[in-house]
Structures are given as structure tokens and as C-alpha cells.
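S.K.: Take this structure first; my questions come after.
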Amino acid sequence: MKILVTGAAGFIGYHLSELLLNKGHQVVGIDNLNDYYDVNLKFSRLKELGIDSKKASGFLNEVQSEKNKSFTFVRLSLEDREDINRLFEKDKFEVVCNLAAQAGVRYSIENPHAYVESNIVGYVNLLEACRSNHVKHLVYASSSSVYGLNSAVPFSTKDKVETPISLYAASKKSNELMAHTYSHLFGFATTGLRFFTVYGPWGRPDMAAYLFADGISQDKPIKVFNHGKMERDFTYVGDIVEGVVRIIEGEVETRKEKKELYKVYNIGNNKSVKLLDFIKNIERNLGKEAEKVMMDIQPGDVEKTWAEVSDLIKDYDYQPNTTVEQGVDRFIDWYKKYHKIQ
């Protein structure tokens with residue numbers, strides 16, 4: 001299959017591209033390589049995929065992987081409608097997986113325009129390109145943050161999601177609404193994936209696992225919000241991308257027959273882990289105890305997340321089986337190598 005992966009230099013996008021290539025697919029990756037976090041980490045991920053960083057630096061350069069002839073990379077923003085349309089017309093993708101977005105719940109409070117441009121305008125450009133170029137299936141990243149102030153756990157896709165508490169969450173809910181409209185009007189499959197807290201090797205430095213590892217390894221205090229009374233459905237990135245690939249490779253004709261072109265799933269580990277227990281696993285791996293600064297809960301944050309994933313198990317035999325202990329071991333092994341820590 002010929003597949004477009006947007007956000008290919010990102011955390012999940014990198015892992016997804018690698019797995020798709022290992023399964024024999026042809027992949028085109030795009031990313032605008034913005035500086036929301038250290039761009040060197042993004043270039044390092046691309047290097048793992050065989051992409052030369054100097055060649056990838058220029059916008060619209062089509063760079064062939066030096067490791068796998070089935071992978072090419074183009075630096076491109078979803079907001080650039082004409083360039084997106086040209087790419088679609090040239091490559092004739094069968095499936096598109098949209099992982100490109102302005103990420104971060106708290107940053108959306110400080111810089112709302114970045115979220116509208118990337119997560120709304122860019123997403124509409126992608127929907128239009130899919131419609132115009134007869135893409136069979138759009139798989140896209142939503143987020144567990146759409147559940148907002150929902151108090152019932154585990155979170156179910158049957159729950160109402162009308163109370164987002166950040167612009168990031170609101171932008172992701174709008175993506176689901178727009179996908180429903182396009183599936184209904186234009187007859188192509190769309191699948192939204194509400195990602196829960198993803199962690200693992202090559203993770204984002206603004207996320208909890210990386211921030212904790214940074215602080216503990218450098219003997220610096222770590223901030224623990226809501227005085228440690230937080231729980232998250234921590235999900236290992238390998239389990240996430242295995243589930244995404246099953247959906248990408250899935251048959252969509254039967255969905256058309258069943259009039260189920262629009263679908264939304266939770267994708268998580270199907271259990272909630274106490275934040276302090278997660279920190280203990282990082283401490284164990286680094287051989288150090290963290291100095292913890294207990295803080296109040298942050299605006300836009302929720303106390304507990306927990307994914308109910310029975311639909312994904314039923315429809316795609318999704319099997320998240322990496323324990324937090326195993327996942328943290330692999331993350332810290334990578335973290336030590338990447339930062340050259342003995």
C-alpha cells in the first residue's frame with residue numbers, strides 16, 4: 001500500500017513509519033519540523049529512517065531514504081494548501097495517517113493561533129486533498145483530552161464529549177466532527193484515534209516521562225502536579241503503532257456496506273497507573289530517587305484518564321501487552337544512549 005504519514009518526524013509518526021516500512025508498505029512522510037521542541041530530536045528520528053538532515057532541512061525537497069527505498073520524506077506544512085494538493089496529485093495515496101498537529105494541552109492556552117492554523121486549517125486542507133484524490137481511508141490522531149470534564153472512568157467513546165477544557169482538546173474534537181461530515185458527504189472512510197498518554201523511546205521532551213528522566217538524571221527537582229494524586233493510562237508507543245497499523249491495513253469495503261465509514265476509537269493500555277508509581281519505575285531504572293516538588297493541578301489538566309478499548313479489541317484484535325515496567329525499561333535504555341549517560 002502507498003501511505004502518507006503526516007508528522008513523520010514526530011514521536012508516534014517516526015515509530016509508525018518504521019513499522020509500516022518493516023511490513024513492506026511504501027511510505028511518504030511529511031513534517032514541517034517546527035521548533036515547538038528541540039528540532040535536533042526530530043532530525044535524529046529521521047536519521048534513523050535513513051533521511052539526511054541537510055537534505056531534509058529545505059522545504060519541498062523530496063528526500064529518498066538511504067536505508068529503505070520505500071521511504072521518502074518532504075518538509076511540508078499542512079497549512080500550505082497548494083503544496084499539499086500537488087503532493088496528493090503526484091503520489092496517489094491509498095491511505096493517509098494524520099499525526100501532524102500542534103501538540104500540547106498547556107501550550108494551547110498560551111498560543112491558541114498555532115492550534116487553529118495547524119489543527120483546524122491544516123486538517124481541512126488534508127480532508128479536501130483526500131476527497132479530491134480519492135483516498136480510501138483517513139486515519140487521524142484525536143486525543144483523550146476530548147473527554148475534558150467527564151468524571152466517569154474508564155472513558156468510553158459512547159460518553160458525551162461536550163466539555164473540553166483546553167483549545168487543544170477543542171481542536172481535536174473539531175477534527176472528529178469534520179471527519180464525520182466528510183465521510184457522510186463524500187463516502188470515504190475516516191477513523192479517529194483518541195490517544196492516551198503515550199511514552200517510550202524517542203519520546204517528546206515536553207511530556208512527563210522525559211521531563212522526569214531529565215530531572216532525576218541531572219539531580220534536579222521534578223514537578224509533581226495535583227500533589228501526586230494523578231493517574232494516567234500510560235501506553236507504550238510500540239502497542240500504539242501496532243494498533244494503528246492494524247487499522248491502516250484493515251478492510252474498509254465492509255465498513256461502507258455497513259454504513260460505518262466514520263469511526264472513533266480509544267487507543268490506550270486499558271488501565272490507569274498512579275503517577276507516583278510511574279515515577280518510581282523511572283527512579284528504579286536511573287538508580288536515583290527524585291526530589292519531588294508537589295504542585296497544584298494545572299489549568300486544562302484532568303486528574304485521571306483510563307481508556308476503554310473493547311471496540312478496538314473486537315474490531316481489530318488490538319492487544320496492548322507492554323507493562324509499565326517493561327515500557328519504562330525500554331524508554332530509559334534509549335534515554336541513556338541518546339544522552340550518552342553511563
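Following the order of the C-alpha cells, first chain is A, next is B, and so on, with residues numbered from 1 inside each chain and ligands from 1 in the order they appear.
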Taking 6 positions as the minimum chain separation for residues in the same chain, which residues sit within 6 Å of segment 230-246 of chain A when counting only C-alpha atoms? Answer as a VMD selection string.

M.R.: chain A and resid 16 197 to 200 268 to 269 271 to 275 303 to 306 318 320 327

S.K.: The selected residues should be written to file as a PDB file, in the first residue's frame (atoms: N, CA, C and O atoms).

M.R.:
ATOM      1  N   LEU A  16       5.567   4.812  13.716  1.00  0.00           N
ATOM      2  CA  LEU A  16       4.605   4.278  12.758  1.00  0.00           C
ATOM      3  C   LEU A  16       5.262   4.074  11.400  1.00  0.00           C
ATOM      4  O   LEU A  16       5.078   3.027  10.760  1.00  0.00           O
ATOM      5  N   THR A 197      -2.021   8.544  27.153  1.00  0.00           N
ATOM      6  CA  THR A 197      -0.657   9.023  27.420  1.00  0.00           C
ATOM      7  C   THR A 197       0.382   8.064  26.847  1.00  0.00           C
ATOM      8  O   THR A 197       0.644   7.003  27.412  1.00  0.00           O
ATOM      9  N   VAL A 198       0.983   8.460  25.727  1.00  0.00           N
ATOM     10  CA  VAL A 198       1.938   7.609  25.019  1.00  0.00           C
ATOM     11  C   VAL A 198       3.355   7.941  25.483  1.00  0.00           C
ATOM     12  O   VAL A 198       3.719   9.111  25.615  1.00  0.00           O
ATOM     13  N   TYR A 199       4.149   6.909  25.716  1.00  0.00           N
ATOM     14  CA  TYR A 199       5.547   7.112  26.140  1.00  0.00           C
ATOM     15  C   TYR A 199       6.396   6.028  25.506  1.00  0.00           C
ATOM     16  O   TYR A 199       5.892   5.022  24.989  1.00  0.00           O
ATOM     17  N   GLY A 200       7.724   6.224  25.559  1.00  0.00           N
ATOM     18  CA  GLY A 200       8.634   5.215  25.020  1.00  0.00           C
ATOM     19  C   GLY A 200       9.842   5.869  24.381  1.00  0.00           C
ATOM     20  O   GLY A 200      10.008   7.096  24.429  1.00  0.00           O
ATOM     21  N   GLY A 268      -5.384   2.916  23.985  1.00  0.00           N
ATOM     22  CA  GLY A 268      -4.613   3.074  25.216  1.00  0.00           C
ATOM     23  C   GLY A 268      -4.281   1.714  25.786  1.00  0.00           C
ATOM     24  O   GLY A 268      -4.493   0.677  25.154  1.00  0.00           O
ATOM     25  N   ASN A 269      -3.796   1.721  27.019  1.00  0.00           N
ATOM     26  CA  ASN A 269      -3.328   0.492  27.654  1.00  0.00           C
ATOM     27  C   ASN A 269      -4.440  -0.216  28.421  1.00  0.00           C
ATOM     28  O   ASN A 269      -4.231  -1.292  28.967  1.00  0.00           O
ATOM     29  N   LYS A 271      -5.762   0.515  31.238  1.00  0.00           N
ATOM     30  CA  LYS A 271      -5.652   0.543  32.707  1.00  0.00           C
ATOM     31  C   LYS A 271      -5.064   1.880  33.135  1.00  0.00           C
ATOM     32  O   LYS A 271      -4.374   2.551  32.360  1.00  0.00           O
ATOM     33  N   SER A 272      -5.345   2.264  34.352  1.00  0.00           N
ATOM     34  CA  SER A 272      -4.859   3.536  34.878  1.00  0.00           C
ATOM     35  C   SER A 272      -3.733   3.283  35.870  1.00  0.00           C
ATOM     36  O   SER A 272      -3.817   2.374  36.697  1.00  0.00           O
ATOM     37  N   VAL A 273      -2.673   4.066  35.758  1.00  0.00           N
ATOM     38  CA  VAL A 273      -1.479   3.889  36.604  1.00  0.00           C
ATOM     39  C   VAL A 273      -1.266   5.166  37.419  1.00  0.00           C
ATOM     40  O   VAL A 273      -1.348   6.278  36.883  1.00  0.00           O
ATOM     41  N   LYS A 274      -1.004   5.020  38.684  1.00  0.00           N
ATOM     42  CA  LYS A 274      -0.742   6.182  39.535  1.00  0.00           C
ATOM     43  C   LYS A 274       0.557   6.853  39.101  1.00  0.00           C
ATOM     44  O   LYS A 274       1.562   6.183  38.837  1.00  0.00           O
ATOM     45  N   LEU A 275       0.524   8.169  39.036  1.00  0.00           N
ATOM     46  CA  LEU A 275       1.689   8.926  38.582  1.00  0.00           C
ATOM     47  C   LEU A 275       2.908   8.633  39.459  1.00  0.00           C
ATOM     48  O   LEU A 275       4.027   8.474  38.936  1.00  0.00           O
ATOM     49  N   GLU A 303      -7.571  14.862  36.441  1.00  0.00           N
ATOM     50  CA  GLU A 303      -6.940  14.058  37.486  1.00  0.00           C
ATOM     51  C   GLU A 303      -6.673  12.616  37.050  1.00  0.00           C
ATOM     52  O   GLU A 303      -5.662  12.030  37.419  1.00  0.00           O
ATOM     53  N   LYS A 304      -7.556  12.057  36.222  1.00  0.00           N
ATOM     54  CA  LYS A 304      -7.423  10.639  35.906  1.00  0.00           C
ATOM     55  C   LYS A 304      -7.866  10.353  34.479  1.00  0.00           C
ATOM     56  O   LYS A 304      -8.875  10.880  34.019  1.00  0.00           O
ATOM     57  N   THR A 305      -7.088   9.527  33.785  1.00  0.00           N
ATOM     58  CA  THR A 305      -7.505   9.033  32.471  1.00  0.00           C
ATOM     59  C   THR A 305      -7.423   7.506  32.456  1.00  0.00           C
ATOM     60  O   THR A 305      -6.581   6.913  33.129  1.00  0.00           O
ATOM     61  N   TRP A 306      -8.298   6.917  31.677  1.00  0.00           N
ATOM     62  CA  TRP A 306      -8.365   5.455  31.588  1.00  0.00           C
ATOM     63  C   TRP A 306      -9.169   5.112  30.336  1.00  0.00           C
ATOM     64  O   TRP A 306     -10.326   5.496  30.202  1.00  0.00           O
ATOM     65  N   TYR A 318      -6.918  -5.651  18.822  1.00  0.00           N
ATOM     66  CA  TYR A 318      -5.887  -4.811  19.444  1.00  0.00           C
ATOM     67  C   TYR A 318      -5.456  -5.415  20.764  1.00  0.00           C
ATOM     68  O   TYR A 318      -6.306  -5.778  21.582  1.00  0.00           O
ATOM     69  N   PRO A 320      -2.798  -4.416  23.617  1.00  0.00           N
ATOM     70  CA  PRO A 320      -1.718  -3.732  24.333  1.00  0.00           C
ATOM     71  C   PRO A 320      -1.161  -4.640  25.422  1.00  0.00           C
ATOM     72  O   PRO A 320      -1.882  -5.001  26.358  1.00  0.00           O
ATOM     73  N   GLY A 327       7.936  -1.053  29.604  1.00  0.00           N
ATOM     74  CA  GLY A 327       7.982   0.150  28.787  1.00  0.00           C
ATOM     75  C   GLY A 327       8.964   1.177  29.317  1.00  0.00           C
ATOM     76  O   GLY A 327       9.728   1.780  28.544  1.00  0.00           O
TER      77      GLY A 327
END

S.K.: Write out as a Markdown table a residue-level contact list of segment 238-325 of chain A versus segment 129-137 of chain A with cut-off 10 Å: for each qualifying residue the closest pair of atoms and the distance in Å to one decimal, counting only C-alpha atoms, rows sorted by chain and residue number upward.

M.R.:
| residue | atom | partner | partner_atom | distance |
| --- | --- | --- | --- | --- |
| A:Ile247 | CA | A:His137 | CA | 9.6 |
| A:Ile248 | CA | A:His137 | CA | 7.8 |
| A:Glu249 | CA | A:His137 | CA | 10.0 |
| A:Gly250 | CA | A:His137 | CA | 9.7 |
| A:Glu251 | CA | A:His137 | CA | 9.6 |
| A:Val252 | CA | A:His137 | CA | 7.4 |
| A:Glu253 | CA | A:Lys136 | CA | 9.2 |
| A:Leu261 | CA | A:His137 | CA | 8.9 |
| A:Tyr262 | CA | A:His137 | CA | 9.9 |

S.K.: Would you save the residues of that selection, restricted to N, CA and C atoms, as a PDB file, in the first residue's frame?

M.R.:
ATOM      1  N   ILE A 247      -5.318  -0.916  11.856  1.00  0.00           N
ATOM      2  CA  ILE A 247      -6.409  -0.126  11.286  1.00  0.00           C
ATOM      3  C   ILE A 247      -6.078   0.284   9.857  1.00  0.00           C
ATOM      4  N   ILE A 248      -4.839   0.709   9.613  1.00  0.00           N
ATOM      5  CA  ILE A 248      -4.419   1.114   8.269  1.00  0.00           C
ATOM      6  C   ILE A 248      -4.562  -0.047   7.284  1.00  0.00           C
ATOM      7  N   GLU A 249      -4.189  -1.238   7.728  1.00  0.00           N
ATOM      8  CA  GLU A 249      -4.239  -2.415   6.856  1.00  0.00           C
ATOM      9  C   GLU A 249      -5.642  -3.034   6.773  1.00  0.00           C
ATOM     10  N   GLY A 250      -6.559  -2.534   7.587  1.00  0.00           N
ATOM     11  CA  GLY A 250      -7.897  -3.129   7.656  1.00  0.00           C
ATOM     12  C   GLY A 250      -8.724  -2.875   6.412  1.00  0.00           C
ATOM     13  N   GLU A 251      -9.671  -3.712   6.194  1.00  0.00           N
ATOM     14  CA  GLU A 251     -10.576  -3.623   5.048  1.00  0.00           C
ATOM     15  C   GLU A 251     -11.633  -2.546   5.298  1.00  0.00           C
ATOM     16  N   VAL A 252     -11.812  -1.632   4.338  1.00  0.00           N
ATOM     17  CA  VAL A 252     -12.806  -0.572   4.519  1.00  0.00           C
ATOM     18  C   VAL A 252     -14.090  -0.814   3.718  1.00  0.00           C
ATOM     19  N   GLU A 253     -14.051  -1.743   2.788  1.00  0.00           N
ATOM     20  CA  GLU A 253     -15.251  -2.011   1.980  1.00  0.00           C
ATOM     21  C   GLU A 253     -16.409  -2.505   2.839  1.00  0.00           C
ATOM     22  N   LEU A 261     -18.646   4.207   7.772  1.00  0.00           N
ATOM     23  CA  LEU A 261     -17.430   4.829   7.240  1.00  0.00           C
ATOM     24  C   LEU A 261     -16.737   5.696   8.289  1.00  0.00           C
ATOM     25  N   TYR A 262     -17.511   6.287   9.187  1.00  0.00           N
ATOM     26  CA  TYR A 262     -16.951   7.127  10.255  1.00  0.00           C
ATOM     27  C   TYR A 262     -16.834   6.316  11.538  1.00  0.00           C
TER      28      TYR A 262
END

S.K.: Determine, for each residue of segment 123-236 of chain A having at least one atom at most 12 Å from an atom of segment 328-338 of chain A, the closest pair of atoms and their separation in Å to one decimal, counting only C-alpha atoms; order by chain and ascending number, as CSV.

M.R.:
residue,atom,partner,partner_atom,distance
A:Val198,CA,A:Phe331,CA,11.3
A:Tyr199,CA,A:Phe331,CA,7.6
A:Gly200,CA,A:Phe331,CA,4.6
A:Pro201,CA,A:Phe331,CA,4.6
A:Trp202,CA,A:Trp334,CA,7.4
A:Gly203,CA,A:Phe331,CA,8.1
A:Arg204,CA,A:Tyr335,CA,11.2
A:Pro205,CA,A:Tyr335,CA,10.6
A:Ala208,CA,A:Val328,CA,11.9
A:Ala209,CA,A:Val328,CA,8.4
A:Tyr210,CA,A:Tyr335,CA,8.2
A:Leu211,CA,A:Tyr335,CA,11.2
A:Phe212,CA,A:Ile332,CA,10.7
A:Ala213,CA,A:Ile332,CA,7.6
A:Asp214,CA,A:Tyr335,CA,9.0
A:Ile216,CA,A:Ile332,CA,11.5
A:Ser217,CA,A:Lys336,CA,9.3
A:Gln218,CA,A:Lys336,CA,11.9
A:Phe234,CA,A:Val328,CA,10.1
A:Thr235,CA,A:Val328,CA,10.3
A:Tyr236,CA,A:Val328,CA,8.5

S.K.: Let's have the selection written as an mmCIF file, in the first residue's frame, with N, CA and C atoms.

M.R.:
data_model
loop_
_atom_site.group_PDB
_atom_site.id
_atom_site.type_symbol
_atom_site.label_atom_id
_atom_site.label_comp_id
_atom_site.auth_asym_id
_atom_site.auth_seq_id
_atom_site.Cartn_x
_atom_site.Cartn_y
_atom_site.Cartn_z
ATOM 1 N N VAL A 198 0.983 8.460 25.727
ATOM 2 C CA VAL A 198 1.938 7.609 25.019
ATOM 3 C C VAL A 198 3.355 7.941 25.483
ATOM 4 N N TYR A 199 4.149 6.909 25.716
ATOM 5 C CA TYR A 199 5.547 7.112 26.140
ATOM 6 C C TYR A 199 6.396 6.028 25.506
ATOM 7 N N GLY A 200 7.724 6.224 25.559
ATOM 8 C CA GLY A 200 8.634 5.215 25.020
ATOM 9 C C GLY A 200 9.842 5.869 24.381
ATOM 10 N N PRO A 201 10.737 5.064 23.785
ATOM 11 C CA PRO A 201 11.938 5.597 23.123
ATOM 12 C C PRO A 201 11.582 6.651 22.078
ATOM 13 N N TRP A 202 12.427 7.666 21.979
ATOM 14 C CA TRP A 202 12.259 8.779 21.038
ATOM 15 C C TRP A 202 11.082 9.671 21.402
ATOM 16 N N GLY A 203 10.670 9.614 22.691
ATOM 17 C CA GLY A 203 9.524 10.398 23.138
ATOM 18 C C GLY A 203 9.782 11.895 23.139
ATOM 19 N N ARG A 204 8.685 12.653 23.291
ATOM 20 C CA ARG A 204 8.776 14.118 23.283
ATOM 21 C C ARG A 204 9.332 14.637 24.601
ATOM 22 N N PRO A 205 10.244 15.615 24.543
ATOM 23 C CA PRO A 205 10.853 16.138 25.770
ATOM 24 C C PRO A 205 9.931 17.003 26.611
ATOM 25 N N ALA A 208 5.696 13.913 30.253
ATOM 26 C CA ALA A 208 6.053 13.575 31.635
ATOM 27 C C ALA A 208 7.256 12.644 31.749
ATOM 28 N N ALA A 209 7.260 11.544 30.997
ATOM 29 C CA ALA A 209 8.340 10.559 31.150
ATOM 30 C C ALA A 209 9.702 11.201 30.904
ATOM 31 N N TYR A 210 9.795 12.003 29.864
ATOM 32 C CA TYR A 210 11.066 12.648 29.502
ATOM 33 C C TYR A 210 11.448 13.704 30.540
ATOM 34 N N LEU A 211 10.466 14.512 30.971
ATOM 35 C CA LEU A 211 10.743 15.544 31.980
ATOM 36 C C LEU A 211 11.230 14.925 33.289
ATOM 37 N N PHE A 212 10.605 13.821 33.683
ATOM 38 C CA PHE A 212 11.033 13.148 34.916
ATOM 39 C C PHE A 212 12.444 12.577 34.758
ATOM 40 N N ALA A 213 12.704 11.932 33.619
ATOM 41 C CA ALA A 213 14.033 11.354 33.387
ATOM 42 C C ALA A 213 15.104 12.436 33.374
ATOM 43 N N ASP A 214 14.805 13.571 32.737
ATOM 44 C CA ASP A 214 15.742 14.696 32.714
ATOM 45 C C ASP A 214 16.066 15.165 34.125
ATOM 46 N N ILE A 216 15.541 13.745 37.156
ATOM 47 C CA ILE A 216 16.161 12.766 38.057
ATOM 48 C C ILE A 216 17.612 12.513 37.666
ATOM 49 N N SER A 217 17.898 12.365 36.380
ATOM 50 C CA SER A 217 19.271 12.073 35.942
ATOM 51 C C SER A 217 20.216 13.235 36.224
ATOM 52 N N GLN A 218 19.672 14.463 36.242
ATOM 53 C CA GLN A 218 20.509 15.650 36.468
ATOM 54 C C GLN A 218 20.430 16.155 37.906
ATOM 55 N N PHE A 234 -0.985 5.195 30.905
ATOM 56 C CA PHE A 234 0.301 5.216 30.206
ATOM 57 C C PHE A 234 0.355 4.066 29.207
ATOM 58 N N THR A 235 0.608 4.394 27.938
ATOM 59 C CA THR A 235 0.585 3.396 26.865
ATOM 60 C C THR A 235 1.900 3.418 26.111
ATOM 61 N N TYR A 236 2.516 2.244 25.995
ATOM 62 C CA TYR A 236 3.813 2.145 25.320
ATOM 63 C C TYR A 236 3.644 2.361 23.826
#

S.K.: Within 9 Å of Lys42 of chain A, counting only C-alpha atoms, which residues qualify if same-chain residues fewer than 6 places away don't, as a PyMOL selection string?

M.R.: chain A and resi 8-11+14+33+202

S.K.: Write the selection just made, keeping all heavy atoms, as a PDB file, in the first residue's frame?

M.R.:
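Result file follows (part07.pdb):
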ATOM      1  N   ALA A   8       5.760  12.789  10.386  1.00  0.00           N
ATOM      2  CA  ALA A   8       6.634  11.606  10.359  1.00  0.00           C
ATOM      3  C   ALA A   8       7.909  11.774  11.182  1.00  0.00           C
ATOM      4  O   ALA A   8       8.542  10.784  11.541  1.00  0.00           O
ATOM      5  CB  ALA A   8       6.996  11.266   8.904  1.00  0.00           C
ATOM      6  N   ALA A   9       8.293  13.018  11.468  1.00  0.00           N
ATOM      7  CA  ALA A   9       9.471  13.247  12.314  1.00  0.00           C
ATOM      8  C   ALA A   9       9.096  13.343  13.787  1.00  0.00           C
ATOM      9  O   ALA A   9       9.957  13.527  14.646  1.00  0.00           O
ATOM     10  CB  ALA A   9      10.197  14.518  11.883  1.00  0.00           C
ATOM     11  N   GLY A  10       7.813  13.210  14.073  1.00  0.00           N
ATOM     12  CA  GLY A  10       7.351  13.248  15.454  1.00  0.00           C
ATOM     13  C   GLY A  10       7.510  11.905  16.142  1.00  0.00           C
ATOM     14  O   GLY A  10       7.920  10.910  15.535  1.00  0.00           O
ATOM     15  N   PHE A  11       7.161  11.868  17.400  1.00  0.00           N
ATOM     16  CA  PHE A  11       7.344  10.680  18.235  1.00  0.00           C
ATOM     17  C   PHE A  11       6.579   9.475  17.686  1.00  0.00           C
ATOM     18  O   PHE A  11       7.173   8.451  17.313  1.00  0.00           O
ATOM     19  CB  PHE A  11       6.890  11.041  19.657  1.00  0.00           C
ATOM     20  CG  PHE A  11       6.810   9.899  20.635  1.00  0.00           C
ATOM     21  CD1 PHE A  11       7.698   8.834  20.591  1.00  0.00           C
ATOM     22  CD2 PHE A  11       5.841   9.914  21.623  1.00  0.00           C
ATOM     23  CE1 PHE A  11       7.616   7.786  21.507  1.00  0.00           C
ATOM     24  CE2 PHE A  11       5.755   8.886  22.554  1.00  0.00           C
ATOM     25  CZ  PHE A  11       6.637   7.824  22.480  1.00  0.00           C
ATOM     26  N   TYR A  14       7.295   8.755  13.731  1.00  0.00           N
ATOM     27  CA  TYR A  14       8.536   8.030  13.457  1.00  0.00           C
ATOM     28  C   TYR A  14       8.331   6.530  13.651  1.00  0.00           C
ATOM     29  O   TYR A  14       8.679   5.718  12.777  1.00  0.00           O
ATOM     30  CB  TYR A  14       9.668   8.540  14.361  1.00  0.00           C
ATOM     31  CG  TYR A  14      10.742   7.514  14.600  1.00  0.00           C
ATOM     32  CD1 TYR A  14      11.607   7.125  13.570  1.00  0.00           C
ATOM     33  CD2 TYR A  14      10.867   6.881  15.831  1.00  0.00           C
ATOM     34  CE1 TYR A  14      12.583   6.153  13.778  1.00  0.00           C
ATOM     35  CE2 TYR A  14      11.827   5.919  16.047  1.00  0.00           C
ATOM     36  CZ  TYR A  14      12.685   5.554  15.015  1.00  0.00           C
ATOM     37  OH  TYR A  14      13.622   4.576  15.218  1.00  0.00           O
ATOM     38  N   LEU A  33       8.710  20.246  10.740  1.00  0.00           N
ATOM     39  CA  LEU A  33       9.918  20.355  11.577  1.00  0.00           C
ATOM     40  C   LEU A  33       9.940  21.674  12.353  1.00  0.00           C
ATOM     41  O   LEU A  33      10.962  22.367  12.418  1.00  0.00           O
ATOM     42  CB  LEU A  33      11.183  20.218  10.714  1.00  0.00           C
ATOM     43  CG  LEU A  33      11.336  18.864   9.995  1.00  0.00           C
ATOM     44  CD1 LEU A  33      12.475  18.925   8.989  1.00  0.00           C
ATOM     45  CD2 LEU A  33      11.569  17.744  10.996  1.00  0.00           C
ATOM     46  N   TRP A 202      12.427   7.666  21.979  1.00  0.00           N
ATOM     47  CA  TRP A 202      12.259   8.779  21.038  1.00  0.00           C
ATOM     48  C   TRP A 202      11.082   9.671  21.402  1.00  0.00           C
ATOM     49  O   TRP A 202      10.561  10.409  20.579  1.00  0.00           O
ATOM     50  CB  TRP A 202      12.142   8.294  19.592  1.00  0.00           C
ATOM     51  CG  TRP A 202      13.375   7.582  19.109  1.00  0.00           C
ATOM     52  CD1 TRP A 202      13.555   6.233  18.998  1.00  0.00           C
ATOM     53  CD2 TRP A 202      14.605   8.191  18.696  1.00  0.00           C
ATOM     54  NE1 TRP A 202      14.828   5.960  18.544  1.00  0.00           N
ATOM     55  CE2 TRP A 202      15.490   7.141  18.337  1.00  0.00           C
ATOM     56  CE3 TRP A 202      15.046   9.513  18.581  1.00  0.00           C
ATOM     57  CZ2 TRP A 202      16.791   7.386  17.906  1.00  0.00           C
ATOM     58  CZ3 TRP A 202      16.327   9.755  18.140  1.00  0.00           C
ATOM     59  CH2 TRP A 202      17.190   8.695  17.803  1.00  0.00           C
TER      60      TRP A 202
END

S.K.: Near segment 96-99 of chain A, within 8 Å and counting only C-alpha atoms, which residues show up once chain neighbours fewer than 2 positions away are dropped, as a list in words?

M.R.: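 Listing them by chain and then by number gives Ile3, Leu4, Val5, Thr6, Gly7, Ala8, Ile12, Gly13, Phe93, Glu94, Ala101, Cys130, Val135, His137, Leu138, Val139, Tyr140, Ala141 and Ile248 of chain A.
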
S.K.: Counting only C-alpha atoms, figure out which residue out of A:Glu257, A:Glu176, A:Asp159, A:Glu289 gets nearest to Asp219 of chain A.

M.R.: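 Of all the options, A:Glu289 lies closest to Asp219 of chain A.
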
S.K.: Using only C-alpha atoms for the distances, tell me which of A:Asp315, A:Asp301, A:Glu308, A:Glu117 is nearest to Ile165 of chain A.

M.R.: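 Residue with the minimum atom-to-atom distance to Ile165 of chain A: A:Asp301.
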
S.K.: Would you list the contacts of Val309 of chain A as number ranges by chain, taking every protein, DNA or RNA residue within 9 Å and counting only C-alpha atoms, but skipping same-chain residues closer than 5 positions in sequence?

M.R.: A: 155-157, 265-270, 314, 318
